[in-house]
$ cat structure.txt   # compact mmCIF, C-alpha atoms
# COMPACT_ATOMS: atom_id res chain seq x y z
CA MET J 141 -15.43 -14.95 11.73
CA SER J 142 -14.26 -18.50 11.08
CA GLY J 143 -13.34 -20.59 14.06
CA GLU J 144 -9.75 -21.52 13.43
CA ILE J 145 -7.12 -19.01 14.48
CA LYS J 146 -4.16 -18.84 12.13
CA HIS J 147 -0.96 -17.52 13.60
CA GLU J 148 0.47 -16.23 10.35
CA TRP J 149 -1.38 -14.11 7.83
CA PRO J 150 -1.43 -15.30 4.20
CA LEU J 151 0.83 -13.78 1.58
CA PHE J 152 -0.42 -11.36 -1.08
CA GLU J 153 1.29 -10.10 -4.25
CA VAL J 154 1.02 -6.38 -4.93
CA PHE J 155 0.73 -4.66 -8.32
CA VAL J 156 0.90 -0.88 -8.64
CA ARG J 157 0.04 1.29 -11.61
CA ALA J 158 2.30 4.32 -11.61
CA LYS J 159 0.15 6.53 -13.79
CA ARG J 160 -2.85 6.52 -16.00
CA GLY J 161 -2.19 4.59 -19.21
CA LEU J 162 0.58 2.36 -17.87
CA ASN J 163 0.24 -1.26 -16.77
CA HIS J 164 0.07 -2.49 -13.22
CA VAL J 165 3.55 -3.70 -12.30
CA HIS J 166 4.45 -6.25 -9.64
CA VAL J 167 6.20 -4.39 -6.82
CA GLY J 168 6.43 -6.93 -4.01
CA SER J 169 4.45 -8.90 -1.50
CA LEU J 170 3.04 -8.52 2.00
CA ARG J 171 1.08 -10.33 4.66
CA ALA J 172 -2.49 -9.47 5.57
CA ALA J 173 -5.54 -11.11 7.10
CA ASP J 174 -7.76 -10.54 4.05
CA HIS J 175 -7.99 -8.67 0.77
CA GLU J 176 -9.21 -5.42 2.30
CA MET J 177 -6.34 -5.31 4.77
CA ALA J 178 -3.93 -6.24 1.98
CA LEU J 179 -5.03 -3.18 -0.01
CA HIS J 180 -4.50 -0.93 3.01
CA HIS J 181 -1.11 -2.45 3.72
CA ALA J 182 -0.11 -2.13 0.06
CA ARG J 183 -1.00 1.55 0.21
CA ASP J 184 1.16 1.95 3.31
CA LEU J 185 4.13 -0.10 2.10
CA TYR J 186 4.33 0.54 -1.62
CA THR J 187 2.84 3.96 -2.38
CA ARG J 188 4.35 6.16 0.34
CA ARG J 189 6.52 8.01 -2.15
CA ASN J 190 3.76 8.91 -4.54
CA GLU J 191 4.31 5.82 -6.68
CA GLY J 192 0.83 4.93 -7.70
CA VAL J 193 -2.67 5.75 -8.82
CA SER J 194 -4.07 2.21 -8.56
CA ILE J 195 -3.29 -0.97 -6.62
CA TRP J 196 -4.14 -4.63 -7.24
CA VAL J 197 -3.62 -7.32 -4.62
CA VAL J 198 -3.77 -11.05 -5.35
CA ARG J 199 -3.40 -13.97 -2.96
CA SER J 200 0.00 -15.52 -3.70
CA ASP J 201 -1.68 -18.94 -3.52
CA ASP J 202 -3.75 -17.96 -6.54
CA VAL J 203 -0.77 -17.22 -8.75
CA VAL J 204 0.11 -20.11 -11.08
CA ALA J 205 3.72 -19.94 -12.20
CA SER J 206 5.63 -21.72 -14.94
CA GLY J 207 8.26 -24.10 -13.59
CA PRO J 208 11.96 -24.29 -14.38
CA ASP J 209 11.42 -27.77 -15.91
CA GLU J 210 9.26 -26.26 -18.61
CA LYS J 211 11.80 -23.59 -19.49
CA ASP J 212 12.98 -25.07 -22.78
CA ALA J 213 9.58 -26.04 -24.08
CA PHE J 214 8.10 -22.71 -23.07
CA PHE J 215 10.71 -20.17 -24.03
CA ALA J 216 13.47 -21.60 -26.25
CA PRO J 217 11.37 -21.87 -29.44
CA SER J 218 10.97 -18.07 -29.65
CA GLY J 219 14.74 -17.54 -29.60
CA ASP J 220 15.28 -17.78 -33.37
CA LYS J 221 12.08 -16.19 -34.68
CA VAL J 222 13.56 -12.82 -35.49
CA TYR J 223 10.68 -12.05 -37.83
CA ARG J 224 8.40 -11.72 -34.83
CA HIS J 225 10.12 -8.49 -33.80
CA PRO J 226 8.81 -5.34 -35.51
CA THR J 227 12.30 -3.96 -36.05
CA TYR J 228 11.41 -2.50 -39.42
CA TYR J 229 9.48 0.38 -37.90
CA ALA J 230 11.12 3.52 -36.57
CA ILE J 231 9.81 4.36 -33.10
CA PRO J 232 9.01 8.06 -32.64
CA ASP J 233 10.92 9.81 -29.84
CA SER J 234 7.69 10.83 -28.21
CA VAL J 235 6.67 7.22 -27.52
CA PRO J 236 8.32 6.52 -24.18
CA HIS J 237 7.02 3.14 -23.06
CA ILE J 238 7.51 0.26 -25.50
CA MET Y 162 -6.08 18.97 -20.57
CA SER Y 163 -5.35 18.68 -24.25
CA PHE Y 164 -2.15 17.57 -25.93
CA ASP Y 165 -1.01 17.48 -29.53
CA ASP Y 166 0.43 14.08 -28.86
CA ALA Y 167 -1.47 11.54 -26.76
CA TYR Y 168 1.73 10.25 -25.19
CA GLN Y 169 2.54 13.66 -23.77
CA SER Y 170 -0.24 13.22 -21.24
CA LEU Y 171 1.66 10.29 -19.79
CA THR Y 172 4.98 12.05 -19.53
CA ASP Y 173 4.07 15.58 -18.56
CA HIS Y 174 5.00 14.95 -14.93
CA ASP Y 175 8.48 13.62 -15.72
CA ASP Y 176 10.22 16.75 -14.57
CA ASP Y 177 12.78 14.95 -12.45
CA ALA Y 178 14.72 12.24 -14.23
CA ARG Y 179 16.26 10.86 -11.03
CA TRP Y 180 13.06 9.19 -9.90
CA ALA Y 181 11.43 6.20 -11.46
CA TYR Y 182 8.29 7.04 -9.47
CA GLY Y 183 6.98 9.80 -7.36
CA THR Y 184 7.38 12.95 -9.39
CA GLY Y 185 4.86 15.73 -9.19
CA PHE Y 186 5.12 16.55 -5.47
CA SER Y 187 3.38 19.72 -4.45
CA ASP Y 188 3.73 22.21 -1.62
CA PRO Y 189 0.39 22.36 0.22
CA LEU Y 190 0.97 26.03 1.03
CA ALA Y 191 2.15 27.08 -2.44
CA GLY Y 192 0.62 30.42 -3.36
CA VAL Y 193 -1.23 30.80 -0.04
CA PRO Y 194 -0.88 34.33 1.37
CA THR Y 195 0.64 34.29 4.86
CA ALA Y 196 -0.39 37.81 5.96
CA LEU Y 197 -2.84 37.82 8.87
CA PRO Y 198 -6.41 38.41 7.67
CA ASP Y 199 -7.97 41.75 8.65
CA GLY Y 200 -9.41 41.88 12.12
CA VAL Y 201 -7.77 38.68 13.35
CA ASP Y 202 -5.90 38.92 16.64
CA GLY Y 203 -2.41 37.50 16.11
CA ALA Y 204 -2.04 36.30 19.70
CA ALA Y 205 -5.36 34.46 19.61
CA LEU Y 206 -4.55 32.87 16.25
CA ALA Y 207 -1.15 31.78 17.57
CA ALA Y 208 -2.80 30.22 20.63
CA TYR Y 209 -5.28 28.34 18.45
CA CYS Y 210 -2.58 27.05 16.08
CA LEU Y 211 -0.68 25.78 19.12
CA MET Y 212 -3.72 23.85 20.35
CA ILE Y 213 -4.34 21.88 17.19
CA GLY Y 214 -0.63 21.78 16.35
CA ASP Y 215 0.24 20.27 19.74
CA ASP Y 216 -2.58 17.72 19.32
CA ALA Y 217 -0.85 16.51 16.15
CA LEU Y 218 2.70 16.73 17.55
CA ILE Y 219 2.06 14.71 20.71
CA MET Y 220 -0.20 12.13 19.01
CA SER Y 221 2.53 11.72 16.38
CA HIS Y 222 5.09 11.08 19.10
CA ARG Y 223 2.96 8.38 20.71
CA LEU Y 224 2.55 6.73 17.28
CA GLN Y 225 6.29 6.86 16.68
CA GLN Y 226 6.81 4.96 19.93
CA TRP Y 227 5.04 2.00 18.30
CA VAL Y 228 7.73 1.68 15.64
CA THR Y 229 9.61 -1.60 16.32
CA ARG Y 230 6.77 -2.59 18.70
CA ALA Y 231 3.77 -3.10 16.42
CA PRO Y 232 2.28 -6.59 16.10
CA GLU Y 233 3.10 -6.88 12.37
CA LEU Y 234 5.64 -5.22 10.10
CA GLU Y 235 2.89 -4.01 7.80
CA ASP Y 236 1.06 -2.28 10.66
CA GLU Y 237 4.27 -0.75 11.88
CA MET Y 238 4.60 1.00 8.54
CA ALA Y 239 0.97 2.08 8.68
CA LEU Y 240 1.44 3.59 12.15
CA ALA Y 241 4.67 5.29 11.11
CA ASN Y 242 2.92 6.78 8.07
CA ILE Y 243 0.09 8.08 10.22
CA GLY Y 244 2.61 9.55 12.68
CA LEU Y 245 4.45 11.26 9.84
CA ASP Y 246 1.22 12.73 8.44
CA LEU Y 247 0.47 14.24 11.84
CA LEU Y 248 4.03 15.48 12.26
CA GLY Y 249 3.66 17.28 8.93
CA GLN Y 250 0.46 18.93 10.14
CA ALA Y 251 2.18 19.89 13.41
CA ARG Y 252 5.06 21.51 11.54
CA LEU Y 253 2.73 23.67 9.43
CA LEU Y 254 0.61 24.64 12.44
CA LEU Y 255 3.54 25.48 14.73
CA THR Y 256 5.10 27.52 11.94
CA ARG Y 257 1.83 29.40 11.57
CA ALA Y 258 1.67 29.90 15.35
CA GLY Y 259 5.14 31.45 15.26
CA GLU Y 260 4.18 33.75 12.38
CA ALA Y 261 0.99 34.86 14.09
CA GLU Y 262 2.77 35.42 17.39
CA GLY Y 263 5.40 37.59 15.70
CA ALA Y 264 8.08 37.00 18.35
CA GLY Y 265 10.54 35.26 16.06
CA ARG Y 266 9.85 31.68 17.24
CA ASP Y 267 9.89 29.03 14.53
CA GLU Y 268 8.49 25.48 14.56
CA ASP Y 269 11.65 24.11 16.21
CA ALA Y 270 11.62 26.68 19.00
CA LEU Y 271 7.98 25.88 19.71
CA ALA Y 272 8.39 22.10 19.59
CA TYR Y 273 11.69 21.78 21.43
CA LEU Y 274 11.95 24.71 23.80
CA ARG Y 275 8.53 24.97 25.44
CA ASP Y 276 7.88 23.58 28.92
CA ALA Y 277 5.08 21.09 29.62
CA SER Y 278 2.73 23.75 31.00
CA ASP Y 279 2.96 25.67 27.70
CA PHE Y 280 1.63 22.75 25.66
CA ARG Y 281 -2.03 23.07 24.68
CA HIS Y 282 -3.06 19.61 23.43
CA VAL Y 283 -6.02 17.62 24.76
CA ARG Y 284 -5.15 14.91 27.27
CA LEU Y 285 -6.31 12.14 24.93
CA VAL Y 286 -3.19 12.45 22.78
CA GLU Y 287 -0.62 12.17 25.56
CA ARG Y 288 -2.01 8.97 27.09
CA ALA Y 289 0.35 6.00 26.95
CA ASP Y 290 -1.11 2.93 25.27
CA ALA Y 291 -1.36 -0.17 27.41
CA ASP Y 292 -1.71 -2.36 24.32
CA PHE Y 293 -2.54 -2.21 20.60
CA ALA Y 294 -6.28 -2.07 21.31
CA HIS Y 295 -5.78 1.08 23.40
CA LEU Y 296 -3.88 2.72 20.57
CA ILE Y 297 -6.64 1.81 18.13
CA ALA Y 298 -9.34 3.18 20.45
CA ARG Y 299 -7.43 6.45 20.89
CA LEU Y 300 -6.76 6.72 17.17
CA LEU Y 301 -10.41 6.09 16.31
CA VAL Y 302 -11.54 8.88 18.62
CA PHE Y 303 -8.73 11.24 17.64
CA ALA Y 304 -9.01 10.79 13.89
CA THR Y 305 -12.81 11.00 13.84
CA TRP Y 306 -12.70 14.22 15.86
CA ARG Y 307 -9.80 15.75 13.94
CA LEU Y 308 -11.30 14.88 10.57
CA ALA Y 309 -14.47 16.79 11.48
CA LEU Y 310 -12.42 19.76 12.74
CA LEU Y 311 -10.13 19.90 9.69
CA ASP Y 312 -13.11 19.64 7.37
CA ARG Y 313 -14.63 22.76 8.99
CA LEU Y 314 -11.19 24.41 9.14
CA SER Y 315 -10.82 24.21 5.36
CA ALA Y 316 -13.38 27.05 5.22
CA SER Y 317 -11.44 29.20 7.73
CA ARG Y 318 -10.99 32.91 7.10
CA ASP Y 319 -7.27 32.40 7.64
CA PRO Y 320 -6.01 31.15 4.26
CA VAL Y 321 -3.13 29.21 5.84
CA LEU Y 322 -5.42 27.35 8.25
CA ALA Y 323 -7.81 26.68 5.38
CA ALA Y 324 -5.00 25.16 3.29
CA ILE Y 325 -3.77 23.06 6.24
CA GLY Y 326 -7.33 21.86 6.82
CA ALA Y 327 -7.82 20.87 3.18
CA LYS Y 328 -4.52 18.98 3.11
CA GLY Y 329 -5.20 17.27 6.43
CA VAL Y 330 -8.68 16.03 5.55
CA LYS Y 331 -7.28 13.58 3.00
CA GLU Y 332 -4.69 12.30 5.44
CA VAL Y 333 -6.89 11.95 8.49
CA ALA Y 334 -9.69 10.29 6.52
CA TYR Y 335 -7.29 7.39 6.01
CA HIS Y 336 -6.27 7.40 9.69
CA ARG Y 337 -9.93 7.03 10.65
CA ASP Y 338 -10.42 4.20 8.17
CA TYR Y 339 -7.41 2.39 9.56
CA ALA Y 340 -8.56 2.73 13.18
CA ALA Y 341 -12.17 1.84 12.35
CA GLY Y 342 -11.01 -1.25 10.44
CA TRP Y 343 -9.00 -2.52 13.40
CA THR Y 344 -11.75 -1.67 15.89
CA VAL Y 345 -14.12 -3.91 13.95
CA ARG Y 346 -11.55 -6.68 13.48
CA LEU Y 347 -10.71 -6.83 17.17
CA GLY Y 348 -14.22 -6.17 18.47
CA ASP Y 349 -15.81 -8.71 16.15
CA GLY Y 350 -12.89 -11.13 16.39
CA THR Y 351 -12.20 -13.68 19.10
CA ASP Y 352 -13.52 -13.59 22.67
CA LEU Y 353 -10.17 -12.33 23.89
CA SER Y 354 -9.78 -9.61 21.25
CA HIS Y 355 -13.37 -8.49 21.88
CA GLN Y 356 -12.76 -8.25 25.61
CA ARG Y 357 -9.55 -6.27 25.19
CA MET Y 358 -11.02 -3.90 22.59
CA GLN Y 359 -14.00 -3.24 24.88
CA ALA Y 360 -11.64 -2.56 27.80
CA ALA Y 361 -9.71 -0.10 25.65
CA VAL Y 362 -12.84 1.73 24.54
CA ASP Y 363 -14.09 1.89 28.13
CA GLU Y 364 -10.85 3.45 29.26
CA VAL Y 365 -10.56 6.00 26.48
CA TRP Y 366 -14.18 7.19 26.54
CA PRO Y 367 -13.93 9.36 29.71
CA LEU Y 368 -11.44 11.55 27.78
CA LEU Y 369 -14.01 12.42 25.11
CA GLY Y 370 -15.70 15.29 26.94
CA GLU Y 371 -12.69 17.56 26.68
CA LEU Y 372 -12.55 17.21 22.90
CA PHE Y 373 -15.90 18.88 22.36
CA GLU Y 374 -15.68 21.55 25.06
CA PRO Y 375 -15.10 24.90 23.31
CA HIS Y 376 -12.20 26.93 24.65
CA ALA Y 377 -12.33 30.72 25.01
CA THR Y 378 -9.68 30.99 22.30
CA GLU Y 379 -11.81 29.05 19.84
CA LEU Y 380 -14.90 31.10 20.62
CA ALA Y 381 -12.98 34.38 20.22
CA LEU Y 382 -11.91 33.39 16.71
CA ALA Y 383 -15.31 32.85 15.10
CA GLY Y 384 -14.91 32.22 11.37
CA VAL Y 385 -11.20 31.44 11.82
CA ALA Y 386 -11.21 28.62 14.38
CA VAL Y 387 -13.69 25.75 14.71
CA ASP Y 388 -16.01 25.49 17.73
CA PRO Y 389 -15.57 21.79 18.59
CA SER Y 390 -19.03 21.54 20.15
CA THR Y 391 -20.44 21.83 16.61
CA VAL Y 392 -18.89 18.51 15.51
CA ARG Y 393 -20.08 16.42 18.47
CA ALA Y 394 -23.19 14.97 16.80
CA GLU Y 395 -21.26 14.05 13.65
CA CYS Y 396 -18.54 12.31 15.69
CA ASP Y 397 -21.01 10.48 17.92
CA ALA Y 398 -22.73 9.09 14.81
CA VAL Y 399 -19.41 7.72 13.54
CA PHE Y 400 -18.50 6.21 16.92
CA SER Y 401 -21.89 4.58 17.20
CA GLN Y 402 -21.66 3.12 13.68
CA VAL Y 403 -18.14 1.72 14.19
CA LEU Y 404 -18.78 0.33 17.68
CA HIS Y 405 -22.00 -1.28 16.51
CA ALA Y 406 -20.20 -2.97 13.60
CA ALA Y 407 -17.54 -4.10 16.07
CA THR Y 408 -20.21 -5.57 18.42
CA LEU Y 409 -18.89 -3.30 21.19
CA ASP Y 410 -20.93 -1.43 23.78
CA THR Y 411 -20.73 2.36 23.63
CA PRO Y 412 -19.77 3.61 27.09
CA ALA Y 413 -21.87 6.42 28.51
CA ALA Y 414 -20.38 9.52 26.93
CA PRO Y 415 -19.37 12.32 29.27
CA PRO Y 416 -21.36 15.49 28.59
CA ALA Y 417 -19.76 18.22 26.51
CA SER Y 418 -19.76 20.71 29.37
CA GLY Y 419 -18.57 20.61 32.96
CA VAL Y 420 -15.52 18.55 32.12
CA SER Y 421 -13.53 19.26 35.25
CA THR Y 422 -16.23 17.98 37.58
CA THR Y 423 -17.42 15.12 35.38
CA VAL Y 424 -13.97 13.78 34.74
CA SER Y 425 -13.05 13.58 38.40
CA ALA Y 426 -16.14 11.45 38.92
CA VAL Y 427 -14.97 8.87 36.38
CA THR Y 428 -11.35 8.91 37.49
CA GLY Y 429 -11.90 5.94 39.76
CA GLY Y 430 -13.11 3.82 36.84
CA ALA Y 431 -10.13 4.74 34.69
CA VAL Y 432 -7.68 3.83 37.41
CA LEU Y 433 -9.37 0.53 38.13
CA SER Y 434 -9.26 -0.52 34.52
CA GLU Y 435 -5.60 0.41 34.34
CA GLY Y 436 -4.94 -2.16 37.03
CA ALA Y 437 -6.65 -4.78 34.88
CA VAL Y 438 -4.46 -4.26 31.83
CA LEU Y 439 -3.10 -7.54 30.52
CA VAL Y 440 -0.05 -6.49 28.55
CA PRO Y 441 2.69 -4.12 29.68
CA ALA Y 442 2.76 -0.74 27.97
CA PRO Y 443 5.08 -0.62 24.95
CA THR Y 444 6.70 2.49 26.33
CA GLY Y 445 7.87 0.88 29.54
CA GLY Y 446 6.89 2.91 32.56
CA ALA Y 447 3.64 4.28 31.17
CA ALA Y 448 0.50 5.21 33.05
CA SER Y 449 2.47 6.13 36.13
CA GLY Y 450 1.91 9.24 38.15
CA ASP Y 451 -1.00 10.73 39.98
CA ALA Y 452 -4.14 9.82 38.08
CA SER Y 453 -6.20 12.60 39.61
CA ALA Y 454 -3.63 15.18 38.53
CA ARG Y 455 -3.68 13.68 35.06
CA LEU Y 456 -7.43 13.76 34.73
CA GLY Y 457 -8.26 16.78 36.83
CA GLY Y 458 -7.73 19.73 34.45
CA ARG Y 459 -7.90 20.72 30.83
CA GLY Y 460 -5.04 20.06 28.46
CA ARG Y 461 -6.05 23.17 26.50
CA ASP Y 462 -5.08 25.24 29.57
CA GLY Y 463 -1.72 23.55 29.96
CA VAL Y 464 -2.75 21.02 32.62
CA HIS Y 465 -0.99 17.76 31.78
CA GLY Y 466 0.04 14.56 33.51
CA ALA Y 467 3.40 13.05 34.28
CA GLU Y 468 3.09 11.22 30.94
CA LEU Y 469 3.80 14.46 29.08
CA GLY Y 470 7.05 14.84 31.02
CA GLU Y 471 8.19 11.47 29.67
CA ILE Y 472 7.26 12.46 26.12
CA LEU Y 473 9.06 15.81 26.31
CA GLU Y 474 12.17 14.24 27.78
CA GLU Y 475 12.39 12.07 24.67
CA LEU Y 476 11.20 14.74 22.22
CA GLN Y 477 13.25 17.66 23.51
CA GLY Y 478 16.26 16.09 25.24
CA LEU Y 479 18.61 16.18 22.26
CA ALA Y 480 17.60 19.67 21.12
CA ARG Y 481 17.99 21.09 24.61
CA ALA Y 482 21.34 19.38 25.22
CA ASN Y 483 22.69 20.75 21.92
CA PRO Y 484 21.14 24.21 21.48
CA GLY Y 485 21.04 25.19 17.82
CA GLY Y 486 22.51 21.84 16.74
CA VAL Y 487 21.79 20.60 13.23
CA TRP Y 488 22.42 17.31 11.47
$ encode --input "structure.txt" --output "structure tokens"
Amino acid sequence: MSGEIKHEWPLFEVFVRAKRGLNHVHVGSLRAADHEMALHHARDLYTRRNEGVSIWVVRSDDVVASGPDEKDAFFAPSGDKVYRHPTYYAIPDSVPHI
Amino acid sequence: MSFDDAYQSLTDHDDDARWAYGTGFSDPLAGVPTALPDGVDGAALAAYCLMIGDDALIMSHRLQQWVTRAPELEDEMALANIGLDLLGQARLLLTRAGEAEGAGRDEDALAYLRDASDFRHVRLVERADADFAHLIARLLVFATWRLALLDRLSASRDPVLAAIGAKGVKEVAYHRDYAAGWTVRLGDGTDLSHQRMQAAVDEVWPLLGELFEPHATELALAGVAVDPSTVRAECDAVFSQVLHAATLDTPAAPPASGVSTTVSAVTGGAVLSEGAVLVPAPTGGAASGDASARLGGRGRDGVHGAELGEILEELQGLARANPGGVW
């Protein structure tokens, strides 16, 4: 093991897939000493009520997020492009997750 | 499975609209016949269910005592989950014991209204933990042993025990993983964590002999119960693998037979190492009482230490003070 002792474990983000065919969804975060422990902790914290069939964990440090300063440049231009929405099509009742 | 519509396969479990997640729960004993199998003695089956049910009940209680005391929030949840798994197993087994006994006692009567000398668990599960390393050492031994027993039990001639075994295997496999992971982390960690993990293993090891010593009840129920001496080699292989990965020394294992004499010989060592414990027990006044009384007899015959008295006071106090009370 590496020499330096850290007194606080690093933060991990947890993604859980509820069932086959759905996407992994961010459910929260936790602290753990490494990736393996993070997976175990995620299982214990976020799937106790039968929530998942698959877990991803990612070091929070490795997540790159867009900043509030970039909000306009990033998101405002899509506000008036109504033609990008496929509203013409009727969605069948049997398609639950759009 | 085949569906006319591909999306149906995603939604077929949505039978309860209140929950965003977690539908599709199942009863582990659904459809399992509860009648006693032919030729099985009800009293013997009840006694056996009490043994392995009490193992789970008392170990669960010790795990629950770690809630609010664990080193990290995440581990607190892990320990609580493990305790709840074992409590679930205890409930099924005590219920089965009551059915087999046929005297009208249910799981609550057996858990709350029995005296210490009527409990049949092995001494390993009642021991108070001096620190987190002690808990991990106990859990490693307990889960490895119980996993092997439940695996064999899933082929029991009693359909209820077989179903409980099959359900428990999946739970206890995770408990063993958790304990093995921490054993390696602490053993192969810093000098201090290594030293404390080794001390914990050294103190827990003298309690191993009892786990693999077959009891008359187990031997009388061939095909229904599991003879624990048959899982010794498998468990020893796991212990050796985990302790080796953790860079820990395996203490000399007590032999599987002659527990009462062997254990008294190692009592001195156990007491000495108790005096060397660095951190106070999370339960307060743990490890008190006469050590020779604690280690001198078999838990399976109802011989327990003062530690069990403390557990039962906590476990049974409310139920005994309010007979028949419900929430």
$ atom_distance --input "structure.txt" --atom1 "atom CA of Val286 of chain Y" --atom2 "atom CA of Val392 of chain Y"
18.3 Å
$ interface_residues --input "structure.txt" --of "chain J" --to "chain Y" --cutoff "6 Å" --atoms "only C-alpha atoms" --output "list in words"
His181, Asp184, Arg189, Asn190 and Glu191 of chain J
$ closest_residue --input "structure.txt" --among "J:Pro226, J:Gly207, J:Pro217, J:Gly192" --to "Asn163 of chain J" --atoms "all atoms listed in the file"
J:Gly192
$ residues_around --input "structure.txt" --residues "Pro150 of chain J" --least-positions-apart "6" --cutoff "10 Å" --atoms "all atoms listed in the file" --output "list of chain:residue names"
J:Leu170, J:Arg171, J:Ala172, J:Ala173, J:Asp174, J:His175, J:Ala178, J:Arg199, J:Ser200, J:Asp201
$ residues_around --input "structure.txt" --residues "Val198 of chain J" --least-positions-apart "3" --cutoff "10 Å" --atoms "all atoms listed in the file" --output "PyMOL selection string"
chain J and resi 151-155+169+175+178-179+201-203
$ write_last_selection --input "structure.txt" --atoms "C-alpha atoms" --output "PDB file, in the coordinates of the input"
ATOM      1  CA  LEU J 151       0.830 -13.780   1.580  1.00  0.00           C
ATOM      2  CA  PHE J 152      -0.420 -11.360  -1.080  1.00  0.00           C
ATOM      3  CA  GLU J 153       1.290 -10.100  -4.250  1.00  0.00           C
ATOM      4  CA  VAL J 154       1.020  -6.380  -4.930  1.00  0.00           C
ATOM      5  CA  PHE J 155       0.730  -4.660  -8.320  1.00  0.00           C
ATOM      6  CA  SER J 169       4.450  -8.900  -1.500  1.00  0.00           C
ATOM      7  CA  HIS J 175      -7.990  -8.670   0.770  1.00  0.00           C
ATOM      8  CA  ALA J 178      -3.930  -6.240   1.980  1.00  0.00           C
ATOM      9  CA  LEU J 179      -5.030  -3.180  -0.010  1.00  0.00           C
ATOM     10  CA  ASP J 201      -1.680 -18.940  -3.520  1.00  0.00           C
ATOM     11  CA  ASP J 202      -3.750 -17.960  -6.540  1.00  0.00           C
ATOM     12  CA  VAL J 203      -0.770 -17.220  -8.750  1.00  0.00           C
TER      13      VAL J 203
END
$ residues_around --input "structure.txt" --residues "segment 403-415 of chain Y" --least-positions-apart "6" --cutoff "12 Å" --atoms "only C-alpha atoms" --output "compact mmCIF listing (two decimals) with C-alpha atoms, keeping the file's coordinate frame"
# COMPACT_ATOMS: atom_id res chain seq x y z
CA MET J 141 -15.43 -14.95 11.73
CA ALA Y 298 -9.34 3.18 20.45
CA LEU Y 301 -10.41 6.09 16.31
CA VAL Y 302 -11.54 8.88 18.62
CA THR Y 305 -12.81 11.00 13.84
CA ARG Y 337 -9.93 7.03 10.65
CA ASP Y 338 -10.42 4.20 8.17
CA TYR Y 339 -7.41 2.39 9.56
CA ALA Y 340 -8.56 2.73 13.18
CA ALA Y 341 -12.17 1.84 12.35
CA GLY Y 342 -11.01 -1.25 10.44
CA TRP Y 343 -9.00 -2.52 13.40
CA THR Y 344 -11.75 -1.67 15.89
CA VAL Y 345 -14.12 -3.91 13.95
CA ARG Y 346 -11.55 -6.68 13.48
CA LEU Y 347 -10.71 -6.83 17.17
CA GLY Y 348 -14.22 -6.17 18.47
CA ASP Y 349 -15.81 -8.71 16.15
CA GLY Y 350 -12.89 -11.13 16.39
CA THR Y 351 -12.20 -13.68 19.10
CA ASP Y 352 -13.52 -13.59 22.67
CA SER Y 354 -9.78 -9.61 21.25
CA HIS Y 355 -13.37 -8.49 21.88
CA GLN Y 356 -12.76 -8.25 25.61
CA ARG Y 357 -9.55 -6.27 25.19
CA MET Y 358 -11.02 -3.90 22.59
CA GLN Y 359 -14.00 -3.24 24.88
CA ALA Y 360 -11.64 -2.56 27.80
CA ALA Y 361 -9.71 -0.10 25.65
CA VAL Y 362 -12.84 1.73 24.54
CA ASP Y 363 -14.09 1.89 28.13
CA GLU Y 364 -10.85 3.45 29.26
CA VAL Y 365 -10.56 6.00 26.48
CA TRP Y 366 -14.18 7.19 26.54
CA PRO Y 367 -13.93 9.36 29.71
CA LEU Y 368 -11.44 11.55 27.78
CA LEU Y 369 -14.01 12.42 25.11
CA GLY Y 370 -15.70 15.29 26.94
CA GLU Y 371 -12.69 17.56 26.68
CA LEU Y 372 -12.55 17.21 22.90
CA PHE Y 373 -15.90 18.88 22.36
CA GLU Y 374 -15.68 21.55 25.06
CA ARG Y 393 -20.08 16.42 18.47
CA ALA Y 394 -23.19 14.97 16.80
CA CYS Y 396 -18.54 12.31 15.69
CA ASP Y 397 -21.01 10.48 17.92
CA SER Y 421 -13.53 19.26 35.25
CA THR Y 422 -16.23 17.98 37.58
CA THR Y 423 -17.42 15.12 35.38
CA VAL Y 424 -13.97 13.78 34.74
CA SER Y 425 -13.05 13.58 38.40
CA ALA Y 426 -16.14 11.45 38.92
CA VAL Y 427 -14.97 8.87 36.38
CA THR Y 428 -11.35 8.91 37.49
CA GLY Y 430 -13.11 3.82 36.84
$ atom_distance --input "structure.txt" --atom1 "atom CA of Gln477 of chain Y" --atom2 "atom CA of Arg284 of chain Y"
19.0 Å
$ axis_aligned_box --input "structure.txt" --around "segment 217-230 of chain J" --padding-each-side "3 Å" --output "lines of an AutoDock Vina configuration file"
center_x = 11.8
center_y = -9.2
center_z = -34.4
size_x = 12.9
size_y = 31.4
size_z = 16.0
$ residues_near_point --input "structure.txt" --point "(-0.4, 0.3, -9.4)" --cutoff "12 Å" --atoms "only C-alpha atoms" --output "ChimeraX atom specification"
/J:153-168,179,182-183,186-187,190-197 /Y:182
$ residues_around --input "structure.txt" --residues "segment 211-227 of chain Y" --least-positions-apart "5" --cutoff "8 Å" --atoms "all atoms listed in the file" --output "PyMOL selection string"
chain Y and resi 237+240-241+243-245+247-248+250-255+258+280-283+286-287+289+443-444+461+472+476
$ residues_around --input "structure.txt" --residues "Pro375 of chain Y" --least-positions-apart "5" --cutoff "12 Å" --atoms "only C-alpha atoms" --output "list of chain:residue names"
Y:Tyr209, Y:Met212, Y:Val283, Y:Gly370, Y:Leu380, Y:Ala381, Y:Leu382, Y:Ala383, Y:Ala386, Y:Val387, Y:Asp388, Y:Pro389, Y:Ser390, Y:Thr391, Y:Val392, Y:Arg393, Y:Ala417, Y:Ser418, Y:Gly419, Y:Val420, Y:Arg459, Y:Arg461, Y:Asp462
$ atom_distance --input "structure.txt" --atom1 "atom CA of Ala261 of chain Y" --atom2 "atom CA of Leu206 of chain Y"
6.3 Å
$ closest_residue --input "structure.txt" --among "Y:Ala208, Y:Leu197, Y:Ala323, Y:Leu473" --to "Thr378 of chain Y" --atoms "all atoms listed in the file"
Y:Ala208
